[in-house]
file data_0.txt (compact mmCIF, C-alpha atoms and all ligand atoms)
# COMPACT_ATOMS: atom_id res chain seq x y z
CA MET W 699 0.00 0.00 0.00
CA ARG W 700 1.39 3.36 -0.96
CA LEU W 701 -0.02 6.71 0.08
CA GLY W 702 -0.18 7.53 -3.61
CA ASN W 703 -2.72 4.71 -4.21
CA LEU W 704 -4.83 6.10 -1.42
CA LEU W 705 -4.98 9.55 -2.99
CA ASP W 706 -5.53 8.09 -6.45
CA ASP W 707 -8.55 6.14 -5.20
CA LEU W 708 -9.88 9.22 -3.44
CA ALA W 709 -9.64 11.09 -6.74
CA ASP W 710 -11.90 8.37 -8.20
CA VAL W 711 -14.33 8.81 -5.32
CA HIS W 712 -14.33 12.57 -5.85
CA ASN W 713 -14.93 12.30 -9.59
CA HIS W 714 -17.63 9.67 -9.13
CA PHE W 715 -19.65 11.77 -6.70
CA LEU W 716 -19.11 14.99 -8.58
CA ALA W 717 -20.52 13.30 -11.71
CA LEU W 718 -23.48 12.15 -9.62
CA GLU W 719 -24.10 15.69 -8.39
CA LYS W 720 -24.03 17.04 -11.91
CA ARG W 721 -26.44 14.37 -13.13
CA TYR W 722 -28.73 14.97 -10.18
CA TYR W 723 -28.73 18.67 -10.98
CA ARG W 724 -29.62 18.04 -14.64
CA ILE W 725 -32.60 15.92 -13.60
CA TYR W 726 -33.92 17.72 -10.51
CA GLY W 727 -32.54 21.25 -10.93
CA LYS W 728 -30.81 21.16 -7.53
CA TYR W 729 -27.80 19.52 -5.93
CA ALA W 730 -28.12 16.32 -3.93
CA GLY W 731 -25.82 17.35 -1.08
CA ARG W 732 -23.90 15.19 1.37
CA TYR W 733 -26.95 13.87 3.23
CA ARG W 734 -28.19 12.11 0.11
CA LEU W 735 -24.75 11.11 -1.17
CA GLN W 736 -23.37 9.58 2.02
CA PRO W 737 -26.09 6.89 2.29
CA HIS W 738 -25.51 6.23 -1.39
CA LEU W 739 -21.82 5.65 -0.68
CA THR W 740 -22.80 3.01 1.89
CA LYS W 741 -24.63 1.11 -0.83
CA LEU W 742 -21.75 1.44 -3.31
CA LEU W 743 -19.30 0.04 -0.76
CA GLN W 744 -21.50 -3.00 -0.21
CA ARG W 745 -22.29 -3.68 -3.84
CA THR W 746 -20.43 -2.24 -6.79
CA HIS W 747 -17.45 -0.44 -5.31
CA LYS W 748 -16.06 -2.86 -2.75
CA HIS W 749 -12.56 -1.92 -3.86
CA TRP W 750 -12.96 1.45 -2.12
CA ALA W 751 -13.79 -0.13 1.22
CA TRP W 752 -10.13 -0.42 2.24
CA ILE W 753 -10.12 3.33 2.90
CA PRO W 754 -11.58 4.38 6.28
CA ARG W 755 -15.17 5.56 6.00
CA ASP W 756 -14.38 8.98 7.50
CA THR W 757 -11.80 9.59 4.84
CA LEU W 758 -14.21 8.62 2.06
CA ASP W 759 -16.96 10.78 3.58
CA GLU W 760 -14.57 13.69 3.57
CA ALA W 761 -14.37 13.60 -0.24
CA ILE W 762 -18.17 14.00 -0.38
CA ILE W 763 -18.22 16.70 2.28
CA ARG W 764 -15.65 18.70 0.33
CA ILE W 765 -17.83 18.69 -2.78
CA HIS W 766 -20.74 19.77 -0.58
CA ILE W 767 -18.75 22.64 0.93
CA THR W 768 -17.43 23.77 -2.46
CA TYR W 769 -21.01 24.06 -3.74
CA GLU W 770 -22.07 25.98 -0.64
CA ARG W 771 -19.17 28.38 -1.02
CA PHE W 772 -20.04 28.79 -4.68
CA PHE W 773 -23.61 29.81 -3.79
CA GLU W 774 -22.25 32.36 -1.33
CA GLY W 775 -20.13 33.82 -4.14
CA LEU W 776 -16.90 32.73 -2.45
CA GLY W 777 -15.47 30.41 -5.04
CA GLY W 778 -15.90 28.40 -8.20
CA LEU W 779 -17.76 25.17 -8.86
CA PRO W 780 -16.08 21.91 -7.91
CA LYS W 781 -14.05 20.41 -10.74
CA PHE W 782 -13.16 16.94 -11.86
CA LYS W 783 -9.64 16.09 -10.79
CA ARG W 784 -6.81 14.26 -12.43
CA LYS W 785 -5.29 11.70 -10.09
CA ASP W 786 -2.11 13.66 -9.54
CA ARG W 787 -4.15 16.76 -8.72
CA TYR W 788 -5.97 15.15 -5.83
CA ARG W 789 -3.92 16.29 -2.92
CA SER W 790 -5.13 15.36 0.54
CA ALA W 791 -6.78 12.75 2.73
CA LYS W 792 -8.19 13.27 6.20
CA PHE W 793 -8.18 10.62 8.94
CA LYS W 794 -10.40 10.99 11.97
CA THR W 795 -10.00 7.39 13.05
CA GLY W 796 -7.75 4.47 12.29
CA TYR W 797 -4.43 6.14 12.94
CA LYS W 798 -1.87 6.20 15.71
CA LEU W 799 0.92 8.69 16.28
CA ASP W 800 4.12 7.74 17.99
CA ASN W 801 7.59 9.25 18.04
CA GLY W 802 7.82 10.70 14.58
CA ARG W 803 5.81 7.88 13.09
CA ALA W 804 2.20 7.63 12.05
CA ARG W 805 0.40 4.32 11.76
CA LEU W 806 -2.58 4.01 9.53
CA SER W 807 -4.95 1.08 9.98
CA LEU W 808 -5.85 0.56 6.39
CA LYS W 809 -7.36 -2.54 4.98
CA ALA W 810 -5.97 -3.93 1.77
CA TRP W 811 -8.03 -4.99 -1.20
CA ASN W 812 -7.10 -8.37 -2.55
CA ALA W 813 -8.19 -8.35 -6.17
CA SER W 814 -7.96 -12.10 -6.68
CA THR W 815 -10.06 -13.06 -3.66
CA GLN W 816 -12.18 -9.92 -3.88
CA ARG W 817 -11.81 -9.48 -0.14
CA LEU W 818 -10.42 -6.94 2.25
CA THR W 819 -7.55 -7.94 4.46
CA PHE W 820 -6.44 -6.10 7.53
CA ASN W 821 -3.25 -4.20 7.21
CA LYS W 822 -1.52 -1.74 9.51
CA ARG W 823 1.30 0.33 8.19
CA TRP W 824 3.73 2.70 9.85
CA PHE W 825 4.88 5.77 8.00
CA SER W 826 7.82 7.76 9.23
CA PHE W 827 7.76 11.50 9.05
CA HIS W 828 10.09 14.28 10.04
CA GLN W 829 8.51 16.05 12.94
CA HIS W 830 8.99 19.79 12.61
CA ARG W 831 6.99 20.87 15.64
CA ASP W 832 5.52 19.52 18.85
CA TRP W 833 1.78 19.68 19.22
CA ASN W 834 -0.45 20.58 22.17
CA GLY W 835 -3.89 19.32 23.07
CA GLU W 836 -5.88 16.36 21.83
CA VAL W 837 -5.39 15.37 18.22
CA ARG W 838 -8.69 15.81 16.35
CA TYR W 839 -7.61 14.44 13.03
CA ILE W 840 -4.58 14.04 10.80
CA GLN W 841 -4.28 14.96 7.19
CA ILE W 842 -1.96 13.59 4.56
CA LEU W 843 -1.03 16.03 1.85
CA ARG W 844 0.73 15.45 -1.44
CA ASP W 845 2.06 18.64 -2.95
CA ALA W 846 2.71 19.34 -6.63
CA VAL W 847 6.38 18.51 -6.24
CA GLY W 848 5.43 15.03 -4.99
CA THR W 849 6.40 15.54 -1.35
CA TYR W 850 4.07 14.09 1.29
CA TRP W 851 3.20 16.13 4.37
CA LEU W 852 1.48 15.05 7.53
CA TYR W 853 -0.70 17.65 9.25
CA ILE W 854 -1.76 17.05 12.82
CA VAL W 855 -4.82 19.05 13.80
CA THR W 856 -5.46 19.41 17.53
CA ASP W 857 -8.18 21.01 19.63
CA ASP W 858 -5.60 23.22 21.27
CA ALA W 859 -7.46 26.43 22.05
CA THR W 860 -4.83 27.97 24.29
CA THR W 861 -4.53 31.64 23.61
CA GLU W 862 -1.61 33.99 24.00
CA PRO W 863 -3.31 37.33 24.60
CA TYR W 864 -1.29 40.36 23.56
CA LEU W 865 -1.23 43.38 25.82
CA ALA W 866 -3.98 45.90 25.12
CA THR W 867 -2.75 48.85 23.10
CA GLY W 868 -5.95 50.91 23.09
CA GLU W 869 -5.61 51.29 19.33
CA SER W 870 -8.14 50.43 16.61
CA VAL W 871 -7.63 50.24 12.90
CA GLY W 872 -9.77 50.28 9.75
CA ILE W 873 -8.37 48.42 6.75
CA ASP W 874 -9.24 48.84 3.09
CA PHE W 875 -8.23 46.09 0.63
CA GLY W 876 -7.07 47.26 -2.74
CA MET W 877 -5.53 46.45 -6.05
CA ASP W 878 -2.72 48.99 -6.23
CA THR W 879 -2.08 49.06 -2.51
CA TYR W 880 -2.71 45.77 -0.75
CA LEU W 881 -3.85 47.27 2.53
CA THR W 882 -4.54 50.87 3.40
CA LEU W 883 -4.98 51.72 7.06
CA ASN W 884 -7.11 54.59 8.30
CA THR W 885 -3.92 56.07 9.73
CA GLY W 886 -2.73 56.66 6.18
CA GLU W 887 -0.22 53.82 6.27
CA LYS W 888 -0.07 51.88 3.00
CA ILE W 889 1.14 48.30 2.85
CA GLN W 890 2.31 46.99 -0.51
CA HIS W 891 2.15 43.36 -1.54
CA PRO W 892 5.60 41.92 -2.24
CA GLN W 893 4.21 40.04 -5.27
CA PRO W 894 6.51 37.05 -5.21
CA LEU W 895 4.92 35.87 -8.45
CA LYS W 896 6.11 38.95 -10.28
CA ALA W 897 9.62 38.57 -8.88
CA SER W 898 9.83 35.02 -10.16
CA LEU W 899 8.27 35.64 -13.56
CA LYS W 900 11.54 35.42 -15.45
CA GLN W 901 12.44 32.11 -13.86
CA LEU W 902 8.90 30.85 -14.42
CA ARG W 903 9.23 31.62 -18.11
CA ILE W 904 12.54 29.76 -18.33
CA LEU W 905 11.13 26.69 -16.59
CA ASN W 906 7.93 26.78 -18.66
CA LYS W 907 10.03 26.81 -21.82
CA ALA W 908 12.08 23.92 -20.51
CA VAL W 909 8.91 21.89 -20.01
CA SER W 910 7.59 22.60 -23.49
CA ARG W 911 10.93 21.65 -25.11
CA LYS W 912 10.96 18.18 -23.55
CA VAL W 913 9.31 15.15 -25.09
CA LYS W 914 5.99 14.82 -23.30
CA GLY W 915 5.98 11.92 -20.87
CA SER W 916 9.74 11.39 -20.95
CA ASN W 917 11.84 11.32 -17.79
CA ASN W 918 13.28 14.71 -18.63
CA TYR W 919 9.79 16.07 -19.13
CA TRP W 920 8.67 14.99 -15.66
CA ARG W 921 11.87 16.34 -14.15
CA ALA W 922 11.15 19.75 -15.69
CA VAL W 923 7.52 19.61 -14.51
CA ARG W 924 8.72 18.93 -10.97
CA GLU W 925 11.19 21.76 -11.19
CA LEU W 926 8.38 24.11 -12.19
CA ALA W 927 6.13 22.85 -9.40
CA ARG W 928 8.96 23.45 -6.94
CA LEU W 929 9.17 27.10 -8.00
CA TYR W 930 5.39 27.50 -7.61
CA ARG W 931 5.63 25.98 -4.15
CA LYS W 932 8.29 28.52 -3.26
CA ILE W 933 6.09 31.39 -4.47
CA THR W 934 3.09 30.13 -2.49
CA ASN W 935 5.21 29.74 0.64
CA GLN W 936 6.60 33.25 0.28
CA ARG W 937 3.11 34.67 -0.01
CA LYS W 938 1.86 32.67 2.98
CA ASP W 939 4.85 33.67 5.05
CA TRP W 940 4.24 37.33 4.32
CA HIS W 941 0.54 37.00 5.20
CA TRP W 942 1.39 35.48 8.60
CA LYS W 943 3.90 38.21 9.38
CA LEU W 944 1.47 40.93 8.36
CA ALA W 945 -1.35 39.45 10.46
CA THR W 946 0.97 39.14 13.47
CA ASP W 947 2.07 42.74 13.09
CA LEU W 948 -1.53 44.04 12.91
CA CYS W 949 -2.55 41.96 15.94
CA ARG W 950 0.35 43.29 17.98
CA ARG W 951 -0.49 46.90 17.23
CA PHE W 952 -4.29 46.99 17.39
CA ASP W 953 -6.99 45.78 19.79
CA LEU W 954 -9.74 46.13 17.22
CA ILE W 955 -9.30 45.42 13.53
CA ALA W 956 -12.07 46.43 11.12
CA THR W 957 -12.29 45.29 7.50
CA GLU W 958 -14.90 44.98 4.83
CA THR W 959 -16.57 41.65 4.20
CA LEU W 960 -14.92 40.24 1.13
CA ASN W 961 -17.10 40.09 -1.92
CA LEU W 962 -14.81 38.04 -4.13
CA ALA W 963 -17.25 37.79 -7.01
CA GLY W 964 -17.57 41.57 -7.07
CA MET W 965 -13.81 42.05 -6.78
CA LYS W 966 -13.25 39.71 -9.72
CA ARG W 967 -15.71 41.71 -11.80
CA LEU W 968 -13.94 44.95 -10.99
CA TRP W 969 -10.35 43.86 -10.99
CA GLY W 970 -10.17 40.68 -13.01
CA ARG W 971 -8.12 37.63 -12.27
CA LYS W 972 -5.37 39.29 -10.32
CA VAL W 973 -7.59 39.03 -7.23
CA SER W 974 -6.69 35.37 -6.84
CA ASP W 975 -2.99 36.23 -6.95
CA LEU W 976 -3.46 38.65 -4.11
CA ALA W 977 -5.18 35.95 -2.04
CA PHE W 978 -7.30 38.27 0.12
CA TYR W 979 -9.46 35.40 1.27
CA GLN W 980 -6.48 33.41 2.57
CA PHE W 981 -5.16 36.50 4.31
CA VAL W 982 -8.47 37.17 6.11
CA GLU W 983 -8.58 33.53 7.25
CA ILE W 984 -5.11 33.91 8.76
CA LEU W 985 -6.11 37.21 10.33
CA LYS W 986 -9.20 35.59 11.89
CA TYR W 987 -7.06 32.83 13.36
CA LYS W 988 -4.49 35.24 14.76
CA CYS W 989 -7.16 37.51 16.27
CA GLN W 990 -8.69 34.55 18.05
CA LYS W 991 -5.34 33.35 19.29
CA HIS W 992 -4.19 36.73 20.58
CA LYS W 993 -7.61 37.87 21.86
CA ARG W 994 -8.05 40.66 19.37
CA GLU W 995 -11.37 41.69 17.94
CA LEU W 996 -11.98 41.43 14.21
CA ARG W 997 -15.11 43.10 12.88
CA GLN W 998 -16.15 42.78 9.27
CA VAL W 999 -18.48 45.44 7.97
CA GLY W 1000 -21.27 44.06 5.76
CA GLN W 1001 -20.80 44.54 2.04
CA TRP W 1002 -23.90 46.76 1.73
CA THR W 1003 -22.43 49.46 3.93
CA ALA W 1004 -21.13 52.28 1.73
CA THR W 1005 -17.49 52.88 2.57
CA THR W 1006 -15.94 54.34 -0.58
CA LYS W 1007 -18.28 57.13 -1.60
CA PRO W 1008 -19.11 58.95 1.65
CA CYS W 1009 -16.78 61.77 2.65
CA SER W 1010 -15.23 60.80 5.98
CA ASP W 1011 -15.35 64.41 7.15
CA CYS W 1012 -18.93 65.46 6.42
CA GLY W 1013 -20.71 62.30 5.22
CA PHE W 1014 -21.54 63.66 1.75
CA HIS W 1015 -22.08 60.79 -0.74
CA ASN W 1016 -19.94 61.40 -3.80
CA GLN W 1017 -21.95 59.61 -6.49
CA ASN W 1018 -19.58 60.78 -9.23
CA LEU W 1019 -16.64 58.85 -7.82
CA THR W 1020 -15.28 56.35 -10.36
CA LEU W 1021 -12.77 53.52 -10.01
CA SER W 1022 -10.02 55.61 -11.56
CA ASP W 1023 -10.37 58.44 -9.04
CA LYS W 1024 -7.49 57.87 -6.64
CA GLN W 1025 -7.86 61.33 -5.11
CA TRP W 1026 -10.94 63.50 -4.79
CA THR W 1027 -12.15 66.69 -3.19
CA CYS W 1028 -15.47 66.79 -1.39
CA PRO W 1029 -17.78 69.31 -3.10
CA GLU W 1030 -19.64 69.77 0.18
CA CYS W 1031 -16.90 70.52 2.70
CA GLY W 1032 -13.83 70.87 0.50
CA SER W 1033 -11.79 68.09 2.20
CA HIS W 1034 -9.21 66.49 -0.03
CA HIS W 1035 -9.28 62.67 0.14
CA ASP W 1036 -7.07 59.78 -0.80
CA ARG W 1037 -9.67 57.29 -1.96
CA ASP W 1038 -8.31 54.30 0.03
CA ILE W 1039 -7.57 56.17 3.26
CA ASN W 1040 -11.06 57.70 3.15
CA ALA W 1041 -12.54 54.21 2.76
CA ALA W 1042 -10.45 52.84 5.64
CA ILE W 1043 -11.68 55.65 7.91
CA ASN W 1044 -15.29 54.88 6.95
CA ILE W 1045 -14.76 51.16 7.57
CA LEU W 1046 -13.45 51.78 11.07
CA ARG W 1047 -16.30 54.18 11.81
CA ALA W 1048 -18.93 51.71 10.53
CA ALA W 1049 -17.39 48.90 12.61
CA CYS W 1050 -17.72 51.02 15.75
CA ASP W 1051 -21.28 52.09 14.93
CA PRO W 1052 -23.69 49.79 16.80
CA SER W 1053 -26.39 50.38 14.16
CA VAL W 1054 -24.22 48.87 11.43
CA GLU W 1055 -24.26 45.12 11.12
CA THR W 1056 -20.88 43.46 11.51
CA ILE W 1057 -19.69 39.88 11.71
ZN ZN K 1 -17.07 66.37 2.89
call {"tool": "encode", "arguments": {"input": "data_0.txt", "output": "structure tokens", "more": "lines below"}}
Ligand SMILES: [Zn+2]
result
Amino acid sequence: MRLGNLLDDLADVHNHFLALEKRYYRIYGKYAGRYRLQPHLTKLLQRTHKHWAWIPRDTLDEAIIRIHITYERFFEGLGGLPKFKRKDRYRSAKFKTGYKLDNGRARLSLKAWNASTQRLTFNKRWFSFHQHRDWNGEVRYIQILRDAVGTYWLYIVTDDATTEPYLATGESVGIDFGMDTYLTLNTGEKIQHPQPLKASLKQLRILNKAVSRKVKGSNNYWRAVRELARLYRKITNQRKDWHWKLATDLCRRFDLIATETLNLAGMKRLWGRKVSDLAFYQFVEILKYKCQKHKRELRQVGQWTATTKPCSDCGFHNQNLTLSDKQWTCPECGSHHDRDINAAINILRAACDPSVETI
């Protein structure tokens, strides 16, 4: 049994149930959802798809739950529709049961499918991993991840809810997300995105060319593909690293952090694809986590609260403001505004206004 086989089979499970969802939608005009699909999986495991039964039920269920969640996020305008996946693109498996952790080793109790006898045999396997960190609290589940380079990672998720409160600073901040400037604070401070993708563009081009020159499927071809994946991994890590540092910095400095609720569909309409490169959603998730950990308050102002057009000095709504106006002067009170700073001030004010709905 190799971990690769496990993920390959899970890709089959994913594609099977996604196809079912699509068919269900064509017939009934709605999606079936996990509560219809999970009982169906039980039947498949007993009848036609016994060869999946070697994988723990929780892990199989997880593939269905992920499809379910992707649809839900899609309906909330937070992401795209689930897609069919090639085997090498299916990346992770979650284990709630059937594992044991011990001294830098993880044991998975997996059954094995014997094709000739058409039966499952019991099979426990130890996998060694390099332990980078100790963990606290009870382990809730573990996750095995295969990245694009082909490295396997073991994630251990615990219920550790210990917090490390930062000292109160008495300061609050309003944050505006933007295209040209990543974050603008109501204090006037502007934080630029380092754009690791841009910095690596030249190298990306070289590696892309290398891939296209190789004979498809040859050893050299796969070597070049891995090389390219390694560079992408580096870019992603750089971005993540910067997000964590930024979130830590904001949490240290401010007791209350106010942002807008992200409307990713709207942002995509306005700004195009670059939004995904900037990874606002991932950043807000990190910020949420850090705020919880360090006992900071994060308030997100609902997307229907006007934050760009009102003048932060007199409240006049500037209906003539267009996307290209970076600076503007209020016709009512004559204040000169930087568009983003003005928005950040309004966001902070709305977050502190009890009549405005926040989450
Ligand atoms: Zn004004």
call {"tool": "residues_around", "arguments": {"input": "data_0.txt", "residues": "W:Arg784", "least_positions_apart": "5", "cutoff": "10 Å", "atoms": "only C-alpha atoms", "output": "number ranges by chain"}}
result
W: 706, 709-710, 713
call {"tool": "closest_atom_pairs", "arguments": {"input": "data_0.txt", "of": "stretch 840-948 of chain W", "to": "stretch 1003-1022 of chain W", "cutoff": "12 Å", "atoms": "only C-alpha atoms", "output": "Markdown table"}}
result
| residue | atom | partner | partner_atom | distance |
| --- | --- | --- | --- | --- |
| W:Gly872 | CA | W:Thr1005 | CA | 10.9 |
| W:Ile873 | CA | W:Thr1005 | CA | 11.0 |
| W:Asp874 | CA | W:Thr1005 | CA | 9.2 |
| W:Phe875 | CA | W:Thr1006 | CA | 11.4 |
| W:Gly876 | CA | W:Leu1021 | CA | 11.2 |
| W:Met877 | CA | W:Leu1021 | CA | 10.9 |
| W:Asp878 | CA | W:Ser1022 | CA | 11.2 |
| W:Asn884 | CA | W:Ser1010 | CA | 10.5 |
call {"tool": "closest_residue", "arguments": {"input": "data_0.txt", "among": "W:Val847, W:Leu776, W:Val1054, W:Val871", "to": "W:Tyr930", "atoms": "all atoms listed in the file"}}
result
W:Val847
call {"tool": "closest_residue", "arguments": {"input": "data_0.txt", "among": "W:Thr795, W:Ala804, W:Cys1028, W:Ala922", "to": "W:Ser910", "atoms": "only C-alpha atoms"}}
result
W:Ala922
call {"tool": "residues_around", "arguments": {"input": "data_0.txt", "residues": "stretch 786-790 of chain W", "least_positions_apart": "3", "cutoff": "12 Å", "atoms": "only C-alpha atoms", "output": "number ranges by chain"}}
result
W: 701-713, 757-758, 760-761, 764, 781-783, 793, 840-853, 927
call {"tool": "residues_near_point", "arguments": {"input": "data_0.txt", "point": "(-26.5, 19.0, -11.0)", "cutoff": "12 Å", "atoms": "only C-alpha atoms", "output": "short mmCIF file (atom, residue, chain, number, x, y, z; two decimals) with C-alpha atoms, in the frame of the given file"}}
result
data_model
loop_
_atom_site.label_atom_id
_atom_site.label_comp_id
_atom_site.auth_asym_id
_atom_site.auth_seq_id
_atom_site.Cartn_x
_atom_site.Cartn_y
_atom_site.Cartn_z
CA PHE W 715 -19.65 11.77 -6.70
CA LEU W 716 -19.11 14.99 -8.58
CA ALA W 717 -20.52 13.30 -11.71
CA LEU W 718 -23.48 12.15 -9.62
CA GLU W 719 -24.10 15.69 -8.39
CA LYS W 720 -24.03 17.04 -11.91
CA ARG W 721 -26.44 14.37 -13.13
CA TYR W 722 -28.73 14.97 -10.18
CA TYR W 723 -28.73 18.67 -10.98
CA ARG W 724 -29.62 18.04 -14.64
CA ILE W 725 -32.60 15.92 -13.60
CA TYR W 726 -33.92 17.72 -10.51
CA GLY W 727 -32.54 21.25 -10.93
CA LYS W 728 -30.81 21.16 -7.53
CA TYR W 729 -27.80 19.52 -5.93
CA ALA W 730 -28.12 16.32 -3.93
CA GLY W 731 -25.82 17.35 -1.08
CA ILE W 765 -17.83 18.69 -2.78
CA HIS W 766 -20.74 19.77 -0.58
CA TYR W 769 -21.01 24.06 -3.74
CA LEU W 779 -17.76 25.17 -8.86
CA PRO W 780 -16.08 21.91 -7.91
#
call {"tool": "decode", "arguments": {"input": "data_0.txt", "residues": "stretch 950-973 of chain W", "atoms": "N, CA and C atoms", "output": "PDB file, in the first residue's frame"}}
result
ATOM      1  N   ARG W 950      -0.458  42.698  16.926  1.00  0.00           N
ATOM      2  CA  ARG W 950       0.354  43.289  17.984  1.00  0.00           C
ATOM      3  C   ARG W 950      -0.014  44.742  18.224  1.00  0.00           C
ATOM      4  N   ARG W 951      -0.306  45.445  17.123  1.00  0.00           N
ATOM      5  CA  ARG W 951      -0.492  46.897  17.230  1.00  0.00           C
ATOM      6  C   ARG W 951      -1.907  47.336  17.583  1.00  0.00           C
ATOM      7  N   PHE W 952      -2.919  46.509  17.226  1.00  0.00           N
ATOM      8  CA  PHE W 952      -4.292  46.991  17.390  1.00  0.00           C
ATOM      9  C   PHE W 952      -5.174  46.018  18.177  1.00  0.00           C
ATOM     10  N   ASP W 953      -6.038  46.600  19.037  1.00  0.00           N
ATOM     11  CA  ASP W 953      -6.994  45.785  19.792  1.00  0.00           C
ATOM     12  C   ASP W 953      -8.185  45.411  18.931  1.00  0.00           C
ATOM     13  N   LEU W 954      -8.573  46.342  18.072  1.00  0.00           N
ATOM     14  CA  LEU W 954      -9.743  46.135  17.216  1.00  0.00           C
ATOM     15  C   LEU W 954      -9.321  46.331  15.766  1.00  0.00           C
ATOM     16  N   ILE W 955      -9.633  45.325  14.946  1.00  0.00           N
ATOM     17  CA  ILE W 955      -9.295  45.415  13.530  1.00  0.00           C
ATOM     18  C   ILE W 955     -10.594  45.366  12.731  1.00  0.00           C
ATOM     19  N   ALA W 956     -10.833  46.368  11.908  1.00  0.00           N
ATOM     20  CA  ALA W 956     -12.066  46.426  11.123  1.00  0.00           C
ATOM     21  C   ALA W 956     -11.743  46.314   9.638  1.00  0.00           C
ATOM     22  N   THR W 957     -12.463  45.424   8.955  1.00  0.00           N
ATOM     23  CA  THR W 957     -12.289  45.290   7.503  1.00  0.00           C
ATOM     24  C   THR W 957     -13.668  45.218   6.859  1.00  0.00           C
ATOM     25  N   GLU W 958     -13.665  45.213   5.547  1.00  0.00           N
ATOM     26  CA  GLU W 958     -14.900  44.975   4.828  1.00  0.00           C
ATOM     27  C   GLU W 958     -15.087  43.477   4.682  1.00  0.00           C
ATOM     28  N   THR W 959     -16.332  43.037   4.544  1.00  0.00           N
ATOM     29  CA  THR W 959     -16.569  41.647   4.198  1.00  0.00           C
ATOM     30  C   THR W 959     -16.135  41.481   2.753  1.00  0.00           C
ATOM     31  N   LEU W 960     -15.406  40.415   2.494  1.00  0.00           N
ATOM     32  CA  LEU W 960     -14.921  40.239   1.127  1.00  0.00           C
ATOM     33  C   LEU W 960     -16.057  39.811   0.211  1.00  0.00           C
ATOM     34  N   ASN W 961     -16.155  40.489  -0.900  1.00  0.00           N
ATOM     35  CA  ASN W 961     -17.104  40.086  -1.922  1.00  0.00           C
ATOM     36  C   ASN W 961     -16.255  39.703  -3.133  1.00  0.00           C
ATOM     37  N   LEU W 962     -15.806  38.443  -3.122  1.00  0.00           N
ATOM     38  CA  LEU W 962     -14.810  38.045  -4.126  1.00  0.00           C
ATOM     39  C   LEU W 962     -15.369  38.099  -5.533  1.00  0.00           C
ATOM     40  N   ALA W 963     -16.660  37.750  -5.677  1.00  0.00           N
ATOM     41  CA  ALA W 963     -17.252  37.789  -7.013  1.00  0.00           C
ATOM     42  C   ALA W 963     -17.220  39.220  -7.546  1.00  0.00           C
ATOM     43  N   GLY W 964     -17.583  40.170  -6.678  1.00  0.00           N
ATOM     44  CA  GLY W 964     -17.571  41.572  -7.072  1.00  0.00           C
ATOM     45  C   GLY W 964     -16.169  42.058  -7.393  1.00  0.00           C
ATOM     46  N   MET W 965     -15.190  41.635  -6.557  1.00  0.00           N
ATOM     47  CA  MET W 965     -13.806  42.047  -6.783  1.00  0.00           C
ATOM     48  C   MET W 965     -13.301  41.533  -8.118  1.00  0.00           C
ATOM     49  N   LYS W 966     -13.689  40.293  -8.444  1.00  0.00           N
ATOM     50  CA  LYS W 966     -13.248  39.712  -9.719  1.00  0.00           C
ATOM     51  C   LYS W 966     -13.812  40.505 -10.873  1.00  0.00           C
ATOM     52  N   ARG W 967     -15.076  40.924 -10.747  1.00  0.00           N
ATOM     53  CA  ARG W 967     -15.708  41.714 -11.804  1.00  0.00           C
ATOM     54  C   ARG W 967     -14.953  43.012 -12.016  1.00  0.00           C
ATOM     55  N   LEU W 968     -14.593  43.643 -10.903  1.00  0.00           N
ATOM     56  CA  LEU W 968     -13.936  44.949 -10.992  1.00  0.00           C
ATOM     57  C   LEU W 968     -12.481  44.835 -11.422  1.00  0.00           C
ATOM     58  N   TRP W 969     -11.795  43.884 -10.851  1.00  0.00           N
ATOM     59  CA  TRP W 969     -10.347  43.860 -10.990  1.00  0.00           C
ATOM     60  C   TRP W 969      -9.810  42.724 -11.848  1.00  0.00           C
ATOM     61  N   GLY W 970     -10.654  41.786 -12.197  1.00  0.00           N
ATOM     62  CA  GLY W 970     -10.175  40.677 -13.014  1.00  0.00           C
ATOM     63  C   GLY W 970      -9.456  39.630 -12.186  1.00  0.00           C
ATOM     64  N   ARG W 971      -8.674  38.829 -12.891  1.00  0.00           N
ATOM     65  CA  ARG W 971      -8.124  37.626 -12.273  1.00  0.00           C
ATOM     66  C   ARG W 971      -7.098  37.862 -11.197  1.00  0.00           C
ATOM     67  N   LYS W 972      -6.489  39.040 -11.229  1.00  0.00           N
ATOM     68  CA  LYS W 972      -5.371  39.286 -10.322  1.00  0.00           C
ATOM     69  C   LYS W 972      -5.780  39.089  -8.852  1.00  0.00           C
ATOM     70  N   VAL W 973      -7.087  39.191  -8.595  1.00  0.00           N
ATOM     71  CA  VAL W 973      -7.589  39.032  -7.229  1.00  0.00           C
ATOM     72  C   VAL W 973      -7.107  37.731  -6.609  1.00  0.00           C
TER      73      VAL W 973
END
